[in-house]
Number of protein chains: 2
Amino acid sequence: MPEPDLTLFVRKLERKGQLAAADVEAILALPFSHKSVPPATYLVREGEPPRNCAILLSGFAYRHKIVGDGGRQIVSLHLPGEAVDLQNLYLSYADHNMQTLTQAELAVVPMTALRSLLDERPAVSRAILLHMLVEAAIMREWVTNIGRRDARTRLAHLLCEFAVRLNGPEQTGSLYEVPMTQEQLGDALGLTSVHVNRLIRSFEAEGLISRSRRALRFADHPALREVGDFSSLYLHLDDQLILG
Amino acid sequence: MPEPDLTLFVRKLERKGQLAAADVEAILALPFSHKSVPPATYLVREGEPPRNCAILLSGFAYRHKIVGDGGRQIVSLHLPGEAVDLQNLYLSYADHNMQTLTQAELAVVPMTALRSLLDERPAVSRAILLHMLVEAAIMREWVTNIGRRDARTRLAHLLCEFAVRLNGPEQTGSLYEVPMTQEQLGDALGLTSVHVNRLIRSFEAEGLISRSRRALRFADHPALREVGDFSSLYLHLDDQLILG
DNA sequence: CGCCCGTTTGAAATAATTCAACACCGGTGG
DNA sequence: CCACCGGTGTTGAATTATTTCAAACGGGCG
């Protein structure tokens, strides 16, 4: 196993805003401890004060909230390379839970180190801010997806988003693994697992997707985009940091 | 009419993070043009590159997206004192629309001026970042509200949120005006205006609220919070900026 | 006065949930 | 090696929340 480090995280930030060599070094010099955790590990619990910020070196994670009647809503999904607790950076307690979806490798960075990095390096601060803006844009799309699209469209939309975030915009017909159970998909979409199941089966019956165990293939990618009312603009993939 | 200025905006930022006198001065020195606009004025349109950032001196605004079948989803509401285009600060085009809800007074600040302010003043940058974190927290709650609560709970929740954001946490039984039509409420909640109407009437019949024209009184505030599964924690009202 | 936008109400239609049972699959222990 | 187990996926039938369609009402404003 390679010595774990933060290069993946740096690369994600660099893709957005241009960082000077000194900025990159400062990030890589961040103190962290390495951790490997099983699926369904809690990284943050609602109500906790955030002491650390976990960066996903590998594996997937999700953010969720529990409502009064026990229902669960997944509010975001996180891919390898993402810093998972940035949302708590300056807040005194977490308003949501964060849990791993799969087995995952983490770099756990003390919040204080992160905060002083941001104070000292405006370029890093801008890059992080831009990253948060994109996260917010994704959340706006989720609100829209859940609020105003029917179940079929909603699911197709999420599948498209996931594929694009994972493989970039041009993964026509590609194979990928959705690391979620149908119940988790339901919790992300505001649907029941039963209904998600029926929708998946009908996508399959219509030849939009094909499956083998948990892996999923976009049999007809353009059609699925169409069904999902999907456009990747909100992901701001090509957005570069605007300066001045 | 008083000479318009940015003190309300400053005060909102100050409530969160402590700003030095020099920071406050720098914000107040921001160049802006003053504008008074009627209800339903578009401040930003999806696809536009953001050149300016409007700050609401008075009046309300909302952010929304349009889906394929013509449906509209309101993704956030904005109160006087809020900077409305911060979400586009570093993005090259807007992924949503921004529209005034009521008649409004605006301070229109050039994006470039705002960006250089942030570069020069880390404290302001932190305060803005904290403000964005709170906005994100609200959006997580909206996703949860729309995705996992039934229509009745959902509406009660939104009414509670609005009351607290407007008047602070202790406005028991207070009178306030919801500046939205029932159709707009529906678009914010992922419901139809017809259904919103029925819910409002039933709240009224149960003595939870009372109305006179557009104004609304929380006749039984604790009960409405209960119905709405509402807790104000996610608004992070008492959160102070954490340093170091 | 009359018009228009927003509200109100009812009845019929439908999308999605609920409940319940069963099948499948990979993993574990006998 | 097989048997069993728990979690996940699959399917059907009945129920329900919400939408749709349509019509009427009300009040503020030109």
# chains A, B, ... in the order shown; residues from 1 in each chain; ligands from 1
>>> residues_around(residues="segment 16-27 of chain C", least_positions_apart="6", cutoff="8 Å", atoms="only C-alpha atoms (C1' of nucleotides)", output="list in words")
Thr192 and His195 of chain A; DG9, DT10, DT15 and DT16 of chain D
>>> interface_residues(of="chain B", to="chain D", cutoff="12 Å", atoms="only C-alpha atoms (C1' of nucleotides)", output="MDAnalysis selection string")
chainID B and resid 149:152 190:196 198:199 213:214
>>> residues_around(residues="Glu14 of chain A", least_positions_apart="4", cutoff="12 Å", atoms="only C-alpha atoms (C1' of nucleotides)", output="PDB file with N, CA, C and O atoms, in the first residue's frame")
ATOM      1  N   THR A   7      -2.413  14.208  -1.898  1.00  0.00           N
ATOM      2  CA  THR A   7      -2.310  14.674  -3.289  1.00  0.00           C
ATOM      3  C   THR A   7      -3.654  14.666  -4.019  1.00  0.00           C
ATOM      4  O   THR A   7      -3.927  15.571  -4.806  1.00  0.00           O
ATOM      5  N   LEU A   8      -4.482  13.678  -3.742  1.00  0.00           N
ATOM      6  CA  LEU A   8      -5.778  13.627  -4.413  1.00  0.00           C
ATOM      7  C   LEU A   8      -6.613  14.861  -4.065  1.00  0.00           C
ATOM      8  O   LEU A   8      -7.236  15.486  -4.936  1.00  0.00           O
ATOM      9  N   PHE A   9      -6.588  15.217  -2.806  1.00  0.00           N
ATOM     10  CA  PHE A   9      -7.279  16.408  -2.331  1.00  0.00           C
ATOM     11  C   PHE A   9      -6.740  17.664  -3.029  1.00  0.00           C
ATOM     12  O   PHE A   9      -7.512  18.482  -3.563  1.00  0.00           O
ATOM     13  N   VAL A  10      -5.417  17.773  -3.073  1.00  0.00           N
ATOM     14  CA  VAL A  10      -4.786  18.914  -3.753  1.00  0.00           C
ATOM     15  C   VAL A  10      -5.199  18.963  -5.217  1.00  0.00           C
ATOM     16  O   VAL A  10      -5.552  20.021  -5.735  1.00  0.00           O
ATOM     17  N   GLN A  18      -6.164  28.046  -9.534  1.00  0.00           N
ATOM     18  CA  GLN A  18      -4.730  27.819  -9.672  1.00  0.00           C
ATOM     19  C   GLN A  18      -4.046  28.129  -8.342  1.00  0.00           C
ATOM     20  O   GLN A  18      -4.189  29.204  -7.783  1.00  0.00           O
ATOM     21  N   LEU A  19      -3.305  27.147  -7.878  1.00  0.00           N
ATOM     22  CA  LEU A  19      -2.581  27.297  -6.630  1.00  0.00           C
ATOM     23  C   LEU A  19      -1.097  27.440  -6.935  1.00  0.00           C
ATOM     24  O   LEU A  19      -0.576  26.754  -7.821  1.00  0.00           O
ATOM     25  N   ALA A  20      -0.445  28.314  -6.202  1.00  0.00           N
ATOM     26  CA  ALA A  20       1.003  28.445  -6.347  1.00  0.00           C
ATOM     27  C   ALA A  20       1.670  27.238  -5.697  1.00  0.00           C
ATOM     28  O   ALA A  20       1.054  26.540  -4.888  1.00  0.00           O
ATOM     29  N   ALA A  21       2.925  27.013  -6.056  1.00  0.00           N
ATOM     30  CA  ALA A  21       3.664  25.882  -5.496  1.00  0.00           C
ATOM     31  C   ALA A  21       3.666  25.931  -3.977  1.00  0.00           C
ATOM     32  O   ALA A  21       3.501  24.909  -3.304  1.00  0.00           O
ATOM     33  N   ASP A  23       1.412  27.193  -2.047  1.00  0.00           N
ATOM     34  CA  ASP A  23       0.090  26.813  -1.540  1.00  0.00           C
ATOM     35  C   ASP A  23      -0.020  25.293  -1.464  1.00  0.00           C
ATOM     36  O   ASP A  23      -0.455  24.733  -0.457  1.00  0.00           O
ATOM     37  N   VAL A  24       0.384  24.654  -2.552  1.00  0.00           N
ATOM     38  CA  VAL A  24       0.318  23.197  -2.600  1.00  0.00           C
ATOM     39  C   VAL A  24       1.160  22.586  -1.476  1.00  0.00           C
ATOM     40  O   VAL A  24       0.698  21.691  -0.763  1.00  0.00           O
ATOM     41  N   ILE A  27      -0.528  22.836   1.849  1.00  0.00           N
ATOM     42  CA  ILE A  27      -1.593  21.841   2.022  1.00  0.00           C
ATOM     43  C   ILE A  27      -1.000  20.474   2.343  1.00  0.00           C
ATOM     44  O   ILE A  27      -1.442  19.795   3.272  1.00  0.00           O
ATOM     45  N   GLY A  81     -11.282  12.085  -2.344  1.00  0.00           N
ATOM     46  CA  GLY A  81     -10.617  13.368  -2.565  1.00  0.00           C
ATOM     47  C   GLY A  81     -11.326  14.536  -1.921  1.00  0.00           C
ATOM     48  O   GLY A  81     -10.780  15.617  -1.830  1.00  0.00           O
ATOM     49  N   ALA A 123      -5.145  32.109  -1.394  1.00  0.00           N
ATOM     50  CA  ALA A 123      -5.436  31.321  -2.592  1.00  0.00           C
ATOM     51  C   ALA A 123      -6.124  30.006  -2.217  1.00  0.00           C
ATOM     52  O   ALA A 123      -7.076  29.572  -2.877  1.00  0.00           O
ATOM     53  N   VAL A 124      -5.657  29.402  -1.141  1.00  0.00           N
ATOM     54  CA  VAL A 124      -6.281  28.167  -0.673  1.00  0.00           C
ATOM     55  C   VAL A 124      -7.697  28.476  -0.198  1.00  0.00           C
ATOM     56  O   VAL A 124      -8.644  27.744  -0.481  1.00  0.00           O
ATOM     57  N   ARG A 126      -9.658  30.815  -1.240  1.00  0.00           N
ATOM     58  CA  ARG A 126     -10.519  30.980  -2.422  1.00  0.00           C
ATOM     59  C   ARG A 126     -10.899  29.646  -3.023  1.00  0.00           C
ATOM     60  O   ARG A 126     -12.044  29.417  -3.405  1.00  0.00           O
ATOM     61  N   ALA A 127      -9.911  28.742  -3.114  1.00  0.00           N
ATOM     62  CA  ALA A 127     -10.184  27.440  -3.728  1.00  0.00           C
ATOM     63  C   ALA A 127     -11.221  26.673  -2.911  1.00  0.00           C
ATOM     64  O   ALA A 127     -12.146  26.061  -3.454  1.00  0.00           O
ATOM     65  N   ILE A 128     -11.081  26.727  -1.592  1.00  0.00           N
ATOM     66  CA  ILE A 128     -12.036  26.054  -0.712  1.00  0.00           C
ATOM     67  C   ILE A 128     -13.412  26.696  -0.854  1.00  0.00           C
ATOM     68  O   ILE A 128     -14.436  26.013  -0.932  1.00  0.00           O
ATOM     69  N   LEU A 130     -14.586  28.252  -3.414  1.00  0.00           N
ATOM     70  CA  LEU A 130     -15.163  27.844  -4.691  1.00  0.00           C
ATOM     71  C   LEU A 130     -15.731  26.435  -4.587  1.00  0.00           C
ATOM     72  O   LEU A 130     -16.824  26.149  -5.075  1.00  0.00           O
ATOM     73  N   HIS A 131     -14.996  25.568  -3.913  1.00  0.00           N
ATOM     74  CA  HIS A 131     -15.485  24.209  -3.735  1.00  0.00           C
ATOM     75  C   HIS A 131     -16.824  24.198  -3.003  1.00  0.00           C
ATOM     76  O   HIS A 131     -17.738  23.459  -3.360  1.00  0.00           O
ATOM     77  N   ASP A 239     -15.719  25.250 -14.610  1.00  0.00           N
ATOM     78  CA  ASP A 239     -15.524  26.545 -13.983  1.00  0.00           C
ATOM     79  C   ASP A 239     -14.115  26.711 -13.470  1.00  0.00           C
ATOM     80  O   ASP A 239     -13.589  25.874 -12.742  1.00  0.00           O
ATOM     81  N   GLN A 240     -13.520  27.810 -13.852  1.00  0.00           N
ATOM     82  CA  GLN A 240     -12.224  28.169 -13.305  1.00  0.00           C
ATOM     83  C   GLN A 240     -12.425  29.294 -12.317  1.00  0.00           C
ATOM     84  O   GLN A 240     -13.343  30.094 -12.464  1.00  0.00           O
ATOM     85  N   LEU A 241     -11.540  29.340 -11.348  1.00  0.00           N
ATOM     86  CA  LEU A 241     -11.614  30.408 -10.364  1.00  0.00           C
ATOM     87  C   LEU A 241     -11.476  31.761 -11.054  1.00  0.00           C
ATOM     88  O   LEU A 241     -10.556  31.987 -11.833  1.00  0.00           O
TER      89      LEU A 241
END
>>> closest_atom_pairs(of="chain C", to="chain B", cutoff="12 Å", atoms="only C-alpha atoms (C1' of nucleotides)", output="tab-separated table")
residue	atom	partner	partner_atom	distance
C:DC5	C1'	B:Thr181	CA	10.3
C:DG6	C1'	B:Thr181	CA	7.4
C:DT7	C1'	B:Asn197	CA	7.6
C:DT8	C1'	B:Asn197	CA	7.7
C:DT9	C1'	B:Arg198	CA	9.1
C:DG10	C1'	B:Val194	CA	11.8
C:DT17	C1'	B:Asp150	CA	11.8
>>> interface_residues(of="chain B", to="chain A", cutoff="8 Å", atoms="only C-alpha atoms", output="PyMOL selection string")
chain B and resi 65+67-68+71-75+87-88+90-92+95+112-113+115-116+119+122+129-130+133+136-137+139-140+142-144+146-149+189-191+229+233-234+236+239-244
>>> atom_distance(atom1="atom CA of Cys53 of chain A", atom2="atom CA of Leu101 of chain A")
17.2 Å
>>> atom_distance(atom1="atom CA of Leu185 of chain A", atom2="atom CA of Val164 of chain A")
16.8 Å
>>> atom_distance(atom1="atom CA of His221 of chain A", atom2="atom CA of Leu237 of chain A")
18.7 Å
>>> select_by_dssp(residues="segment 105-142 of chain A", states="strand (DSSP E)", output="NGL selection string")
:A and (105-110)
>>> write_last_selection(atoms="N, CA and C atoms", output="CSV table (one decimal), in the first residue's frame")
chain,number,residue,atom,x,y,z
A,105,GLU,N,-10.6,5.1,3.4
A,105,GLU,CA,-9.3,5.6,4.0
A,105,GLU,C,-9.5,7.0,4.2
A,106,LEU,N,-9.1,7.4,5.4
A,106,LEU,CA,-9.3,8.9,5.8
A,106,LEU,C,-8.0,9.5,6.2
A,107,ALA,N,-7.9,10.8,5.8
A,107,ALA,CA,-6.8,11.6,6.5
A,107,ALA,C,-7.6,12.5,7.4
A,108,VAL,N,-7.3,12.4,8.7
A,108,VAL,CA,-8.0,13.2,9.7
A,108,VAL,C,-7.1,14.4,10.0
A,109,VAL,N,-7.6,15.6,9.7
A,109,VAL,CA,-6.8,16.8,9.9
A,109,VAL,C,-7.5,17.6,11.0
A,110,PRO,N,-6.7,18.1,12.0
A,110,PRO,CA,-7.3,18.9,13.0
A,110,PRO,C,-7.9,20.2,12.4
>>> residues_around(residues="Ser36 of chain B", least_positions_apart="3", cutoff="12 Å", atoms="only C-alpha atoms (C1' of nucleotides)", output="PDB file with N, CA, C and O atoms, in the first residue's frame")
ATOM      1  N   PRO B   4     -29.105  55.626   1.669  1.00  0.00           N
ATOM      2  CA  PRO B   4     -28.896  54.174   1.772  1.00  0.00           C
ATOM      3  C   PRO B   4     -27.432  53.844   2.033  1.00  0.00           C
ATOM      4  O   PRO B   4     -26.545  54.466   1.469  1.00  0.00           O
ATOM      5  N   SER B  33     -24.076  51.051  -6.321  1.00  0.00           N
ATOM      6  CA  SER B  33     -25.125  51.953  -6.810  1.00  0.00           C
ATOM      7  C   SER B  33     -26.443  51.528  -6.181  1.00  0.00           C
ATOM      8  O   SER B  33     -26.675  50.345  -5.924  1.00  0.00           O
ATOM      9  N   PRO B  39     -41.716  44.337  -7.181  1.00  0.00           N
ATOM     10  CA  PRO B  39     -41.762  42.888  -6.955  1.00  0.00           C
ATOM     11  C   PRO B  39     -41.503  42.139  -8.260  1.00  0.00           C
ATOM     12  O   PRO B  39     -41.764  42.662  -9.338  1.00  0.00           O
ATOM     13  N   THR B  41     -38.887  41.403  -9.839  1.00  0.00           N
ATOM     14  CA  THR B  41     -37.761  41.800 -10.687  1.00  0.00           C
ATOM     15  C   THR B  41     -36.684  40.716 -10.669  1.00  0.00           C
ATOM     16  O   THR B  41     -36.322  40.226  -9.605  1.00  0.00           O
ATOM     17  N   LEU B  43     -33.052  39.536 -10.560  1.00  0.00           N
ATOM     18  CA  LEU B  43     -31.740  40.066 -10.198  1.00  0.00           C
ATOM     19  C   LEU B  43     -30.639  39.279 -10.898  1.00  0.00           C
ATOM     20  O   LEU B  43     -29.599  39.827 -11.249  1.00  0.00           O
ATOM     21  N   ALA B  54     -25.859  41.931  -5.623  1.00  0.00           N
ATOM     22  CA  ALA B  54     -26.870  42.801  -5.022  1.00  0.00           C
ATOM     23  C   ALA B  54     -26.979  42.507  -3.532  1.00  0.00           C
ATOM     24  O   ALA B  54     -26.980  41.349  -3.117  1.00  0.00           O
ATOM     25  N   ILE B  55     -27.041  43.563  -2.739  1.00  0.00           N
ATOM     26  CA  ILE B  55     -27.309  43.414  -1.309  1.00  0.00           C
ATOM     27  C   ILE B  55     -28.690  43.992  -1.035  1.00  0.00           C
ATOM     28  O   ILE B  55     -28.998  45.102  -1.466  1.00  0.00           O
ATOM     29  N   LEU B  56     -29.525  43.213  -0.377  1.00  0.00           N
ATOM     30  CA  LEU B  56     -30.892  43.655  -0.077  1.00  0.00           C
ATOM     31  C   LEU B  56     -30.867  44.654   1.074  1.00  0.00           C
ATOM     32  O   LEU B  56     -30.582  44.282   2.208  1.00  0.00           O
ATOM     33  N   LEU B  57     -31.173  45.903   0.797  1.00  0.00           N
ATOM     34  CA  LEU B  57     -31.269  46.884   1.877  1.00  0.00           C
ATOM     35  C   LEU B  57     -32.635  46.788   2.539  1.00  0.00           C
ATOM     36  O   LEU B  57     -32.786  46.983   3.733  1.00  0.00           O
ATOM     37  N   SER B  58     -33.629  46.490   1.728  1.00  0.00           N
ATOM     38  CA  SER B  58     -34.963  46.219   2.258  1.00  0.00           C
ATOM     39  C   SER B  58     -35.684  45.315   1.276  1.00  0.00           C
ATOM     40  O   SER B  58     -35.324  45.253   0.103  1.00  0.00           O
ATOM     41  N   GLY B  59     -36.692  44.612   1.744  1.00  0.00           N
ATOM     42  CA  GLY B  59     -37.451  43.727   0.870  1.00  0.00           C
ATOM     43  C   GLY B  59     -36.923  42.302   0.888  1.00  0.00           C
ATOM     44  O   GLY B  59     -35.906  42.004   1.505  1.00  0.00           O
ATOM     45  N   THR B 100     -36.874  39.216  -6.960  1.00  0.00           N
ATOM     46  CA  THR B 100     -37.419  39.853  -5.764  1.00  0.00           C
ATOM     47  C   THR B 100     -38.831  39.331  -5.516  1.00  0.00           C
ATOM     48  O   THR B 100     -39.585  39.049  -6.443  1.00  0.00           O
ATOM     49  N   THR B 102     -40.789  41.009  -3.076  1.00  0.00           N
ATOM     50  CA  THR B 102     -41.512  42.251  -2.785  1.00  0.00           C
ATOM     51  C   THR B 102     -40.787  43.408  -3.468  1.00  0.00           C
ATOM     52  O   THR B 102     -39.735  43.212  -4.069  1.00  0.00           O
ATOM     53  N   GLN B 103     -41.347  44.574  -3.324  1.00  0.00           N
ATOM     54  CA  GLN B 103     -40.614  45.774  -3.673  1.00  0.00           C
ATOM     55  C   GLN B 103     -39.327  45.779  -2.850  1.00  0.00           C
ATOM     56  O   GLN B 103     -39.332  45.319  -1.706  1.00  0.00           O
ATOM     57  N   ALA B 104     -38.217  46.207  -3.432  1.00  0.00           N
ATOM     58  CA  ALA B 104     -36.952  46.108  -2.693  1.00  0.00           C
ATOM     59  C   ALA B 104     -35.977  47.224  -3.028  1.00  0.00           C
ATOM     60  O   ALA B 104     -36.005  47.776  -4.131  1.00  0.00           O
ATOM     61  N   GLU B 105     -35.145  47.545  -2.036  1.00  0.00           N
ATOM     62  CA  GLU B 105     -34.039  48.489  -2.224  1.00  0.00           C
ATOM     63  C   GLU B 105     -32.755  47.676  -2.309  1.00  0.00           C
ATOM     64  O   GLU B 105     -32.507  46.832  -1.443  1.00  0.00           O
ATOM     65  N   LEU B 106     -31.948  47.973  -3.306  1.00  0.00           N
ATOM     66  CA  LEU B 106     -30.735  47.205  -3.497  1.00  0.00           C
ATOM     67  C   LEU B 106     -29.494  48.081  -3.462  1.00  0.00           C
ATOM     68  O   LEU B 106     -29.527  49.226  -3.928  1.00  0.00           O
ATOM     69  N   ALA B 107     -28.426  47.534  -2.924  1.00  0.00           N
ATOM     70  CA  ALA B 107     -27.099  48.109  -3.146  1.00  0.00           C
ATOM     71  C   ALA B 107     -26.393  47.163  -4.105  1.00  0.00           C
ATOM     72  O   ALA B 107     -26.196  45.993  -3.781  1.00  0.00           O
ATOM     73  N   VAL B 108     -26.065  47.663  -5.265  1.00  0.00           N
ATOM     74  CA  VAL B 108     -25.442  46.801  -6.263  1.00  0.00           C
ATOM     75  C   VAL B 108     -23.935  47.022  -6.255  1.00  0.00           C
ATOM     76  O   VAL B 108     -23.454  48.095  -6.606  1.00  0.00           O
TER      77      VAL B 108
END
>>> residues_around(residues="Leu77 of chain B", least_positions_apart="5", cutoff="8 Å", atoms="only C-alpha atoms (C1' of nucleotides)", output="number ranges by chain")
B: 60-63
